[in-house]
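Engineer: File follows, work_14.txt with compact mmCIF, C-alpha atoms:
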```txt
# COMPACT_ATOMS: atom_id res chain seq x y z
CA MET A 1 85.78 182.14 -61.92
CA ILE A 2 87.25 183.11 -58.52
CA LEU A 3 85.82 185.79 -56.20
CA TYR A 4 88.24 187.25 -53.63
CA SER A 5 86.84 187.91 -50.17
CA ARG A 6 88.91 189.94 -47.67
CA ALA A 7 86.70 188.92 -44.80
CA ALA A 8 87.27 185.23 -45.41
CA SER A 9 90.87 185.77 -46.61
CA LYS A 10 90.36 183.15 -49.24
CA CYS A 11 89.06 182.59 -52.75
CA PHE A 12 85.87 180.81 -53.60
CA ARG A 13 84.19 179.92 -56.88
CA VAL A 14 81.09 181.66 -58.17
CA ARG A 15 79.32 181.28 -61.46
CA SER A 16 77.29 183.80 -63.42
CA LYS A 17 75.31 183.27 -66.62
CA SER A 18 77.97 184.78 -68.83
CA ALA A 19 81.06 183.80 -66.86
CA PRO A 20 83.52 181.32 -68.26
CA PHE A 21 84.15 178.24 -66.20
CA VAL A 22 86.87 175.68 -65.67
CA THR A 23 86.32 171.95 -66.00
CA GLN A 24 88.81 169.15 -65.42
CA ARG A 25 89.43 168.87 -69.16
CA GLY A 26 88.61 172.27 -70.58
CA PHE A 27 88.27 176.03 -70.07
CA TRP A 28 85.04 177.16 -71.65
CA SER A 29 82.89 180.20 -72.14
CA PRO A 30 79.18 180.00 -73.06
CA GLN A 31 80.00 182.19 -76.04
CA LYS A 32 83.40 180.94 -77.12
CA ILE A 33 86.59 179.26 -76.06
CA LEU A 34 88.89 181.77 -74.42
CA LYS A 35 92.12 182.52 -76.19
CA PRO A 36 95.27 181.61 -74.23
CA GLN A 37 96.28 185.25 -73.80
CA VAL A 38 93.02 185.95 -71.97
CA LEU A 39 94.19 183.75 -69.13
CA ASN A 40 97.51 185.58 -68.93
CA GLU A 41 95.86 188.98 -68.82
CA LEU A 42 93.65 188.17 -65.82
CA PRO A 43 95.01 189.78 -62.59
CA THR A 44 96.53 187.59 -59.90
CA ASN A 45 96.67 190.14 -57.00
CA PRO A 46 93.65 190.84 -54.76
CA PRO A 47 91.77 193.86 -56.14
CA SER A 48 90.96 196.88 -54.00
CA ASP A 49 87.36 196.61 -55.14
CA THR A 50 85.93 193.48 -53.53
CA ASN A 51 83.20 193.33 -56.18
CA THR A 52 85.78 192.61 -58.87
CA ILE A 53 85.91 189.07 -60.19
CA PHE A 54 89.33 187.80 -61.19
CA GLN A 55 91.24 184.66 -62.03
CA SER A 56 93.54 183.24 -59.37
CA PRO A 57 97.02 181.94 -60.24
CA LEU A 58 96.73 178.79 -62.35
CA THR A 59 96.93 175.49 -60.55
CA ALA A 60 98.59 172.51 -62.25
CA THR A 61 95.18 171.32 -63.47
CA GLU A 62 94.20 174.76 -64.75
CA SER A 63 97.55 175.13 -66.49
CA SER A 64 96.82 172.02 -68.56
CA VAL A 65 93.35 173.46 -69.16
CA LYS A 66 94.97 176.54 -70.68
CA GLN A 67 96.94 174.38 -73.08
CA ASN A 68 93.77 172.47 -73.97
CA ALA A 69 92.06 175.70 -74.95
CA SER A 70 95.07 176.57 -77.10
CA ALA A 71 94.90 173.31 -79.09
CA LEU A 72 91.18 173.68 -79.68
CA GLN A 73 91.59 177.33 -80.59
CA LYS A 74 94.15 176.33 -83.20
CA ALA A 75 91.70 173.85 -84.72
CA LEU A 76 88.67 176.11 -84.60
CA THR A 77 90.34 179.18 -86.12
CA ALA A 78 92.23 177.42 -88.91
CA LYS A 79 91.80 179.01 -92.34
CA THR A 80 93.61 176.12 -94.01
CA PRO A 81 94.35 172.63 -92.61
CA PHE A 82 97.39 172.38 -90.34
CA HIS A 83 99.92 169.58 -90.81
CA ASP A 84 102.15 170.36 -87.83
CA TRP A 85 100.05 168.84 -85.07
CA THR A 86 101.95 167.49 -82.08
CA LYS A 87 100.94 164.47 -80.02
CA GLU A 88 100.50 166.80 -77.06
CA GLU A 89 97.99 168.92 -78.97
CA LEU A 90 96.13 165.85 -80.20
CA ARG A 91 96.04 164.44 -76.68
CA GLU A 92 94.61 167.70 -75.35
CA ILE A 93 91.85 167.75 -77.96
CA TYR A 94 91.10 164.03 -77.56
CA SER A 95 90.77 164.54 -73.78
CA THR A 96 88.26 167.40 -74.03
CA PRO A 97 85.00 166.73 -72.14
CA LEU A 98 83.03 164.52 -74.52
CA MET A 99 79.95 166.71 -74.97
CA GLU A 100 82.07 169.78 -75.69
CA LEU A 101 84.36 167.79 -77.98
CA ILE A 102 81.47 166.57 -80.12
CA HIS A 103 79.88 170.03 -80.17
CA GLN A 104 83.06 171.73 -81.36
CA ALA A 105 83.68 168.98 -83.94
CA GLN A 106 80.19 169.53 -85.33
CA VAL A 107 80.70 173.31 -85.42
CA LEU A 108 83.89 172.83 -87.43
CA HIS A 109 82.26 170.17 -89.60
CA ARG A 110 79.57 172.65 -90.64
CA LYS A 111 82.24 175.22 -91.48
CA TRP A 112 84.29 172.91 -93.71
CA GLN A 113 81.78 170.34 -95.02
CA ASN A 114 78.25 170.37 -96.38
CA PRO A 115 76.30 169.17 -93.32
CA SER A 116 73.33 167.94 -95.38
CA GLU A 117 75.34 165.50 -97.51
CA VAL A 118 76.79 162.04 -96.93
CA GLN A 119 79.00 160.10 -99.28
CA ILE A 120 77.50 156.65 -99.92
CA CYS A 121 80.09 154.06 -100.95
CA ASN A 122 79.85 150.43 -101.91
CA LEU A 123 82.76 148.02 -101.42
CA LEU A 124 83.09 144.84 -103.47
CA SER A 125 85.69 142.11 -103.00
CA ILE A 126 86.80 141.45 -106.58
CA LYS A 127 89.45 138.92 -105.53
CA THR A 128 88.79 137.14 -102.22
CA GLY A 129 91.13 135.19 -99.94
CA GLY A 130 94.58 133.68 -100.33
CA CYS A 131 96.52 136.73 -99.10
CA SER A 132 100.08 135.99 -97.94
CA GLU A 133 100.06 138.71 -95.25
CA ASP A 134 99.68 137.93 -91.52
CA CYS A 135 97.35 140.77 -90.43
CA LYS A 136 95.95 139.28 -87.21
CA TYR A 137 92.42 140.58 -87.82
CA CYS A 138 91.95 139.51 -91.44
CA ALA A 139 89.76 136.64 -92.62
CA GLN A 140 91.47 136.67 -96.01
CA SER A 141 94.93 135.68 -94.80
CA SER A 142 96.02 132.25 -96.05
CA ARG A 143 97.73 131.70 -92.68
CA TYR A 144 94.48 131.34 -90.72
CA ASP A 145 91.63 128.84 -90.83
CA THR A 146 88.64 131.12 -91.11
CA GLY A 147 86.58 128.96 -93.45
CA LEU A 148 87.14 131.39 -96.33
CA GLN A 149 88.14 129.86 -99.65
CA ALA A 150 90.52 131.67 -102.00
CA GLU A 151 88.92 132.76 -105.26
CA LYS A 152 90.09 134.09 -108.59
CA MET A 153 89.41 137.66 -109.66
CA MET A 154 85.79 138.27 -110.62
CA SER A 155 84.83 138.68 -114.24
CA THR A 156 84.54 142.20 -115.65
CA ASP A 157 80.82 141.71 -116.32
CA SER A 158 80.17 140.68 -112.70
CA ILE A 159 82.00 143.73 -111.37
CA LEU A 160 80.16 146.12 -113.69
CA LYS A 161 76.81 144.55 -112.73
CA ALA A 162 77.57 145.22 -109.05
CA ALA A 163 78.58 148.81 -109.88
CA ARG A 164 75.29 149.44 -111.71
CA GLU A 165 73.35 148.10 -108.72
CA ALA A 166 75.30 150.39 -106.40
CA LYS A 167 74.50 153.43 -108.54
CA GLU A 168 70.80 152.51 -108.67
CA ASN A 169 70.78 152.47 -104.86
CA GLY A 170 72.33 155.90 -104.47
CA ALA A 171 76.04 155.12 -104.15
CA THR A 172 78.40 157.73 -105.56
CA ARG A 173 81.72 155.91 -105.04
CA PHE A 174 82.33 152.28 -106.00
CA CYS A 175 85.24 150.61 -104.22
CA MET A 176 86.97 147.37 -105.21
CA GLY A 177 89.22 145.30 -102.98
CA ALA A 178 91.62 142.50 -103.92
CA ALA A 179 93.39 140.29 -101.35
CA TRP A 180 96.93 140.82 -102.62
CA ARG A 181 100.05 141.89 -100.77
CA ASP A 182 101.21 144.02 -103.71
CA MET A 183 100.88 144.37 -107.48
CA ASN A 184 104.31 143.04 -108.42
CA GLY A 185 104.01 140.50 -111.24
CA ARG A 186 100.32 141.35 -111.81
CA LYS A 187 100.54 143.42 -115.00
CA SER A 188 97.53 141.79 -116.66
CA ALA A 189 95.41 142.16 -113.50
CA LEU A 190 96.37 145.83 -113.21
CA LYS A 191 95.39 146.43 -116.82
CA ARG A 192 92.03 144.68 -116.31
CA ILE A 193 91.36 146.79 -113.22
CA GLY A 194 92.26 149.94 -115.16
CA ASP A 195 89.74 149.01 -117.86
CA VAL A 196 87.07 148.36 -115.21
CA VAL A 197 87.79 151.74 -113.62
CA LYS A 198 87.17 153.48 -116.96
CA GLU A 199 83.86 151.67 -117.42
CA ILE A 200 82.63 152.50 -113.91
CA ASN A 201 83.69 156.15 -114.22
CA SER A 202 81.58 156.35 -117.39
CA MET A 203 78.55 155.41 -115.26
CA GLY A 204 79.02 158.61 -113.25
CA LEU A 205 80.53 156.82 -110.26
CA GLU A 206 83.78 157.67 -108.52
CA THR A 207 86.17 154.71 -108.24
CA CYS A 208 88.42 153.46 -105.46
CA VAL A 209 90.58 150.35 -105.27
CA THR A 210 92.62 148.65 -102.56
CA LEU A 211 95.15 146.26 -104.06
CA GLY A 212 97.94 146.19 -101.49
CA MET A 213 101.23 147.98 -102.04
CA VAL A 214 101.84 149.81 -105.33
CA ASP A 215 104.97 151.50 -106.65
CA GLN A 216 105.07 154.88 -108.39
CA GLN A 217 104.72 153.45 -111.91
CA GLN A 218 101.71 151.35 -110.93
CA ALA A 219 100.09 154.34 -109.25
CA GLU A 220 100.62 156.40 -112.42
CA GLN A 221 98.97 153.63 -114.47
CA LEU A 222 95.90 153.68 -112.24
CA LYS A 223 95.77 157.48 -112.48
CA SER A 224 95.83 157.31 -116.27
CA ALA A 225 92.83 154.96 -116.10
CA GLY A 226 90.93 157.65 -114.20
CA LEU A 227 91.01 156.18 -110.68
CA THR A 228 89.53 158.59 -108.12
CA ALA A 229 90.97 157.21 -104.89
CA TYR A 230 93.25 154.49 -103.56
CA ASN A 231 92.65 152.89 -100.16
CA HIS A 232 95.64 151.85 -98.08
CA ASN A 233 95.05 151.94 -94.33
CA ILE A 234 97.72 152.45 -91.69
CA ASP A 235 95.54 150.33 -89.36
CA THR A 236 96.77 151.68 -85.98
CA SER A 237 99.57 153.65 -84.34
CA ARG A 238 103.18 153.13 -85.32
CA GLU A 239 103.86 151.81 -81.81
CA HIS A 240 101.06 149.21 -81.80
CA TYR A 241 101.46 148.18 -85.44
CA LYS A 242 104.17 145.58 -84.74
CA ASN A 243 101.70 143.71 -82.50
CA ILE A 244 99.26 143.30 -85.41
CA ILE A 245 101.32 142.76 -88.58
CA SER A 246 104.85 141.53 -89.32
CA THR A 247 104.83 140.98 -93.10
CA ARG A 248 104.56 144.64 -94.09
CA THR A 249 106.18 147.56 -92.30
CA TYR A 250 104.47 150.76 -91.25
CA ASP A 251 106.78 152.76 -93.51
CA GLU A 252 105.92 150.56 -96.50
CA ARG A 253 102.29 151.54 -95.99
CA LEU A 254 103.25 155.21 -95.88
CA GLU A 255 105.31 154.81 -99.06
CA THR A 256 102.29 153.44 -100.96
CA ILE A 257 100.19 156.37 -99.76
CA LYS A 258 102.85 158.81 -100.95
CA HIS A 259 103.08 157.07 -104.36
CA VAL A 260 99.33 157.41 -104.77
CA GLN A 261 99.26 161.08 -103.78
CA THR A 262 102.25 161.89 -106.01
CA ALA A 263 100.39 160.34 -108.95
CA GLY A 264 97.46 162.68 -108.30
CA ILE A 265 95.13 160.02 -106.88
CA LYS A 266 93.20 160.83 -103.71
CA ALA A 267 94.42 158.87 -100.68
CA CYS A 268 91.84 156.98 -98.65
CA THR A 269 93.56 155.91 -95.45
CA GLY A 270 92.41 155.24 -91.91
CA GLY A 271 92.44 152.32 -89.53
CA ILE A 272 90.74 149.88 -87.21
CA LEU A 273 89.71 150.54 -83.62
CA GLY A 274 89.50 147.62 -81.21
CA LEU A 275 92.80 145.86 -81.97
CA GLY A 276 93.78 145.79 -78.30
CA GLU A 277 95.26 149.27 -78.55
CA THR A 278 95.36 151.96 -75.87
CA GLU A 279 94.10 155.53 -75.81
CA GLU A 280 97.67 156.62 -76.53
CA ASP A 281 97.57 154.45 -79.67
CA HIS A 282 94.48 156.34 -80.85
CA ILE A 283 96.48 159.54 -80.47
CA GLY A 284 99.47 158.02 -82.29
CA PHE A 285 97.17 156.81 -85.10
CA LEU A 286 95.72 160.31 -85.47
CA TYR A 287 99.19 161.84 -85.33
CA THR A 288 100.33 159.88 -88.39
CA LEU A 289 97.27 160.98 -90.37
CA ALA A 290 97.10 164.59 -89.17
CA THR A 291 100.74 165.25 -90.05
CA MET A 292 100.40 163.93 -93.60
CA SER A 293 100.64 166.58 -96.29
CA PRO A 294 98.17 166.56 -97.84
CA HIS A 295 95.75 164.97 -95.41
CA PRO A 296 93.89 161.87 -96.61
CA GLU A 297 91.00 162.82 -98.88
CA SER A 298 88.94 160.28 -97.01
CA LEU A 299 89.53 158.62 -93.67
CA PRO A 300 87.72 155.34 -92.90
CA ILE A 301 87.18 154.51 -89.24
CA ASN A 302 86.59 150.78 -88.80
CA ARG A 303 85.34 149.04 -85.67
CA LEU A 304 86.91 145.59 -85.42
CA VAL A 305 84.65 142.76 -86.50
CA PRO A 306 86.24 139.71 -84.79
CA ILE A 307 86.46 136.83 -87.27
CA LYS A 308 86.59 133.29 -85.90
CA GLY A 309 89.97 131.75 -86.63
CA THR A 310 91.95 135.01 -86.58
CA PRO A 311 94.53 135.42 -83.78
CA ILE A 312 93.34 138.90 -82.84
CA ILE A 313 90.49 137.32 -80.85
CA GLU A 314 92.88 135.48 -78.53
CA ASP A 315 95.11 138.54 -78.22
CA ILE A 316 92.22 140.72 -77.08
CA GLU A 317 90.95 138.10 -74.64
CA LYS A 318 94.40 137.82 -73.08
CA SER A 319 94.86 141.59 -72.80
CA GLY A 320 91.38 142.19 -71.43
CA LYS A 321 91.23 145.44 -73.41
CA LYS A 322 87.78 146.36 -74.63
CA LEU A 323 87.05 149.21 -77.00
CA GLU A 324 84.61 151.65 -75.39
CA PHE A 325 82.19 153.49 -77.64
CA ASP A 326 83.24 156.88 -76.36
CA ALA A 327 86.77 156.15 -77.67
CA ILE A 328 85.29 155.81 -81.17
CA LEU A 329 83.57 159.17 -80.77
CA ARG A 330 86.73 160.83 -79.46
CA THR A 331 88.79 159.48 -82.36
CA ILE A 332 86.25 160.68 -84.94
CA ALA A 333 85.84 164.11 -83.35
CA THR A 334 89.60 164.66 -83.01
CA ALA A 335 90.05 163.62 -86.64
CA ARG A 336 87.39 166.11 -87.71
CA LEU A 337 88.97 168.95 -85.72
CA THR A 338 92.48 168.33 -87.01
CA MET A 339 91.69 167.22 -90.58
CA PRO A 340 88.71 169.44 -91.41
CA SER A 341 88.75 168.98 -95.18
CA SER A 342 88.82 165.16 -95.09
CA ILE A 343 85.77 162.97 -95.58
CA ILE A 344 85.43 160.73 -92.50
CA ARG A 345 83.84 157.39 -93.29
CA LEU A 346 82.11 155.14 -90.76
CA ALA A 347 83.27 151.86 -92.24
CA ALA A 348 83.45 148.19 -91.16
CA GLY A 349 81.60 147.29 -87.98
CA ARG A 350 78.91 149.92 -88.44
CA TYR A 351 76.28 147.19 -88.53
CA THR A 352 77.15 146.41 -84.89
CA MET A 353 76.11 149.93 -83.86
CA ARG A 354 72.60 150.96 -82.90
CA GLU A 355 71.10 153.82 -84.88
CA ASN A 356 71.58 156.30 -82.03
CA GLU A 357 75.28 155.34 -81.87
CA GLN A 358 75.67 155.95 -85.60
CA PHE A 359 73.92 159.29 -85.11
CA LEU A 360 76.51 160.31 -82.52
CA CYS A 361 79.31 159.34 -84.91
CA PHE A 362 77.82 161.68 -87.50
CA MET A 363 77.50 164.43 -84.91
CA ALA A 364 81.21 163.91 -84.14
CA GLY A 365 82.14 164.51 -87.77
CA CYS A 366 81.42 161.48 -89.97
CA ASN A 367 80.00 162.17 -93.42
CA ALA A 368 80.41 158.92 -95.35
CA ILE A 369 79.33 155.29 -95.06
CA PHE A 370 79.62 151.95 -96.81
CA SER A 371 76.24 150.52 -97.75
CA GLY A 372 75.04 147.41 -99.58
CA LYS A 373 74.88 143.64 -99.39
CA LYS A 374 78.38 143.04 -98.02
CA MET A 375 81.62 144.79 -97.14
CA LEU A 376 84.42 142.58 -98.45
CA THR A 377 83.84 139.48 -96.27
CA THR A 378 81.82 141.00 -93.41
CA MET A 379 78.22 142.09 -93.01
CA CYS A 380 77.09 145.55 -94.08
CA ASN A 381 74.04 147.70 -93.43
CA GLY A 382 71.62 147.20 -96.32
CA TRP A 383 70.58 149.74 -98.95
CA ASP A 384 66.98 150.12 -97.75
CA GLU A 385 67.97 150.37 -94.09
CA ASP A 386 70.44 153.16 -94.83
CA LYS A 387 68.06 155.03 -97.13
CA ALA A 388 65.43 155.12 -94.38
CA MET A 389 67.94 156.19 -91.72
CA LEU A 390 69.48 158.98 -93.78
CA ALA A 391 66.05 160.26 -94.85
CA LYS A 392 65.05 160.43 -91.18
CA TRP A 393 68.18 162.46 -90.45
CA GLY A 394 67.59 164.78 -93.40
CA LEU A 395 70.76 163.76 -95.25
CA LYS A 396 71.14 163.31 -99.00
CA PRO A 397 73.81 161.54 -101.06
CA MET A 398 76.93 163.53 -101.88
CA LYS A 399 77.24 163.96 -105.64
CA ALA A 400 80.13 162.26 -107.42
CA PHE A 401 83.06 164.28 -108.82
CA THR A 402 82.05 167.45 -106.98
CA GLU A 403 83.67 169.62 -104.31
CA HIS A 404 82.36 168.50 -100.92
CA ARG A 405 83.45 171.48 -98.84
CA SER A 406 81.02 173.88 -97.22
CA GLN A 407 79.79 176.75 -99.35
CA SER A 408 81.03 179.13 -96.63
CA LEU A 409 84.63 178.26 -97.63
CA MET A 410 84.15 178.44 -101.40
```
As a first step, turn the structure in this file into structure tokens.
Structural biologist:
Amino acid sequence: MILYSRAASKCFRVRSKSAPFVTQRGFWSPQKILKPQVLNELPTNPPSDTNTIFQSPLTATESSVKQNASALQKALTAKTPFHDWTKEELREIYSTPLMELIHQAQVLHRKWQNPSEVQICNLLSIKTGGCSEDCKYCAQSSRYDTGLQAEKMMSTDSILKAAREAKENGATRFCMGAAWRDMNGRKSALKRIGDVVKEINSMGLETCVTLGMVDQQQAEQLKSAGLTAYNHNIDTSREHYKNIISTRTYDERLETIKHVQTAGIKACTGGILGLGETEEDHIGFLYTLATMSPHPESLPINRLVPIKGTPIIEDIEKSGKKLEFDAILRTIATARLTMPSSIIRLAAGRYTMRENEQFLCFMAGCNAIFSGKKMLTTMCNGWDEDKAMLAKWGLKPMKAFTEHRSQSLM
């Protein structure tokens, strides 16, 4: 706040216990974020009473602060999810002082989600290696020498055995991944997967698959089998995407997501952080997701696990760009504030995080994890390790096939 002094003929800043204050990245009140109109209503002329506290005309910095408050106010007062977010609004939220950003994300998380529950997922590679795509980060591409051998699709019995083990260890969603570009010419494989989905659903587990691109008819076939969710990540921003993949376009990914949603299957779509992208790419990535209608049912946030033999390692070394942990927190928190009804999953690369770092990710809005022996071809936090950690935090598994929103919204 600004106190006007006639004697000094200048303004100087004072702070009281209840007074709002301006920071470089936000305008905050101890009780609440001020609405934009509050700033406009504050007088700009010197008062006759020198004891009166007033707001001086906004500087360029304070003007951007006002806009920041507006974007956060939009997120915090939403009765239903917004799908009209602009990059400017997302940038303002993403740039909020980190402690305040995480706090507000957690406040909103508790309004929209059950804060005592976490969705525990298990991800099994049912068909490993031999993919024709050129995703620079992927160990399963046939274009790179990563030491991974291509395999045929697992037997139905082996898949069901893994699903039973996942359920016994507290998982509520069983996910299956196959290293294919698309499902064209794979009618028998699609039928087998549909039969497996039915068997796993009968165990009381939700099902999710990631099989590459699918058309509308294939999506409808998976829906008829009872598939809960389909994973198809956008990976990064539209602008950075061309630096990572050339064999599948960004719009082709969006088309698959739309096919899945049109069929009535929940869309699981997120991306990977640490691909040599910039902060602006994080905002662009969030923009694509936050403007989807509907929003993804679940949003996996992956931290790149560099695989020897993949070209992404050389690209990152050349660029010198290193992913900072606070960028992960900012991405998660901004996702929570703009997509409040989505489940946000801390996915690949979680095993590289210390427990206190995982804790901060949950405070920023995460409420799902992958757990088990392996996550496709990379390491994963083990069942017992995760059970102990979640028990310490007071979290319990989210039940399958149930509404996960907060009771305050139901």
Engineer: Of the candidates A:Ile328, A:Ala166, A:Ala105, A:Ile244, which shows the shortest atom-to-atom distance to A:Glu357, using all atoms listed in the file?
Structural biologist: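 For A:Glu357, the nearest of the given residues is A:Ile328.
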Engineer: With all atoms listed in the file counted, which protein, DNA or RNA residues have an atom no more than 8 Å from (87.9, 161.0, -84.4) in the file frame? Please answer as a PyMOL selection string.
Structural biologist: chain A and resi 286+328-336+364-365
Engineer: Would you mind listing what lies within 8 Å of A:Gly130 as a ChimeraX atom specification, with only C-alpha atoms counted and same-chain residues fewer than 3 positions away left out?
Structural biologist: /A:140-142,149-151,179-180
Engineer: Residues at most 10 Å from A:Leu376, counting all atoms listed in the file, excluding those fewer than 6 positions away in the same chain, as a ChimeraX atom specification?
Structural biologist: /A:122-128,139-140,175-179,348
Engineer: Work out how far apart atom CA of A:Pro294 and atom CA of A:Gly194 are and give it in Å to one decimal.
Structural biologist: 24.7 Å
Engineer: Please, what distance in Å, to one decimal, runs between atom CA of A:Val118 and atom CA of A:Trp85?
Structural biologist: 27.0 Å
Engineer: What does the distance between atom CA of A:Val196 and atom CA of A:Leu160 come to in Å, to one decimal place?
Structural biologist: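 So the two atoms, atom CA of A:Val196 and atom CA of A:Leu160, lie 7.4 Å apart.
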Engineer: Could you pull the residues within 8 Å of A:Ala225, counting only C-alpha atoms, minus those fewer than 6 positions along the same chain, as a list in words?
Structural biologist: Gly194, Asp195, Val197 and Lys198 of chain A
Engineer: For the residues in the current selection, export C-alpha atoms as an mmCIF file, in the coordinates of the input.
Structural biologist:
```
data_model
loop_
_atom_site.group_PDB
_atom_site.id
_atom_site.type_symbol
_atom_site.label_atom_id
_atom_site.label_comp_id
_atom_site.auth_asym_id
_atom_site.auth_seq_id
_atom_site.Cartn_x
_atom_site.Cartn_y
_atom_site.Cartn_z
ATOM 1 C CA GLY A 194 92.260 149.940 -115.160
ATOM 2 C CA ASP A 195 89.740 149.010 -117.860
ATOM 3 C CA VAL A 197 87.790 151.740 -113.620
ATOM 4 C CA LYS A 198 87.170 153.480 -116.960
#
```
Engineer: Give the answer as one residue: which of A:Leu211, A:Ile200, A:Leu222, A:Ala347 has the shortest atom-to-atom distance to A:Ile272, using only C-alpha atoms?
Structural biologist: A:Ala347
Engineer: Under the rule that all atoms listed in the file are counted, which of A:Cys135, A:Ile301, A:Ile343, A:Met99 is the nearest residue to A:Ser246?
Structural biologist: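 Looking at the shortest contact to A:Ser246, the residue is A:Cys135.
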Engineer: So which residues touch A:Gly309 within 9 Å, counting only C-alpha atoms, skipping near sequence neighbours fewer than 4 positions away, as a list in words?
Structural biologist: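 Within the cut-off, the hits are Ala139, Tyr144, Asp145, Thr146, Gly147 and Ile313 of chain A.
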Engineer: Listed atoms of stretch 357-361 of chain A, axis-aligned box, 6 Å per side: centre and edge lengths to one decimal in Å, as lines of an AutoDock Vina configuration file?
Structural biologist:
```
center_x = 76.6
center_y = 157.8
center_z = -83.7
size_x = 17.4
size_y = 17.0
size_z = 15.7
```
Engineer: With only C-alpha atoms as the basis for distance, which of A:Cys268, A:Leu299, A:Ala368, A:Ile307 is at the shortest distance from A:Met339?
Structural biologist: A:Leu299
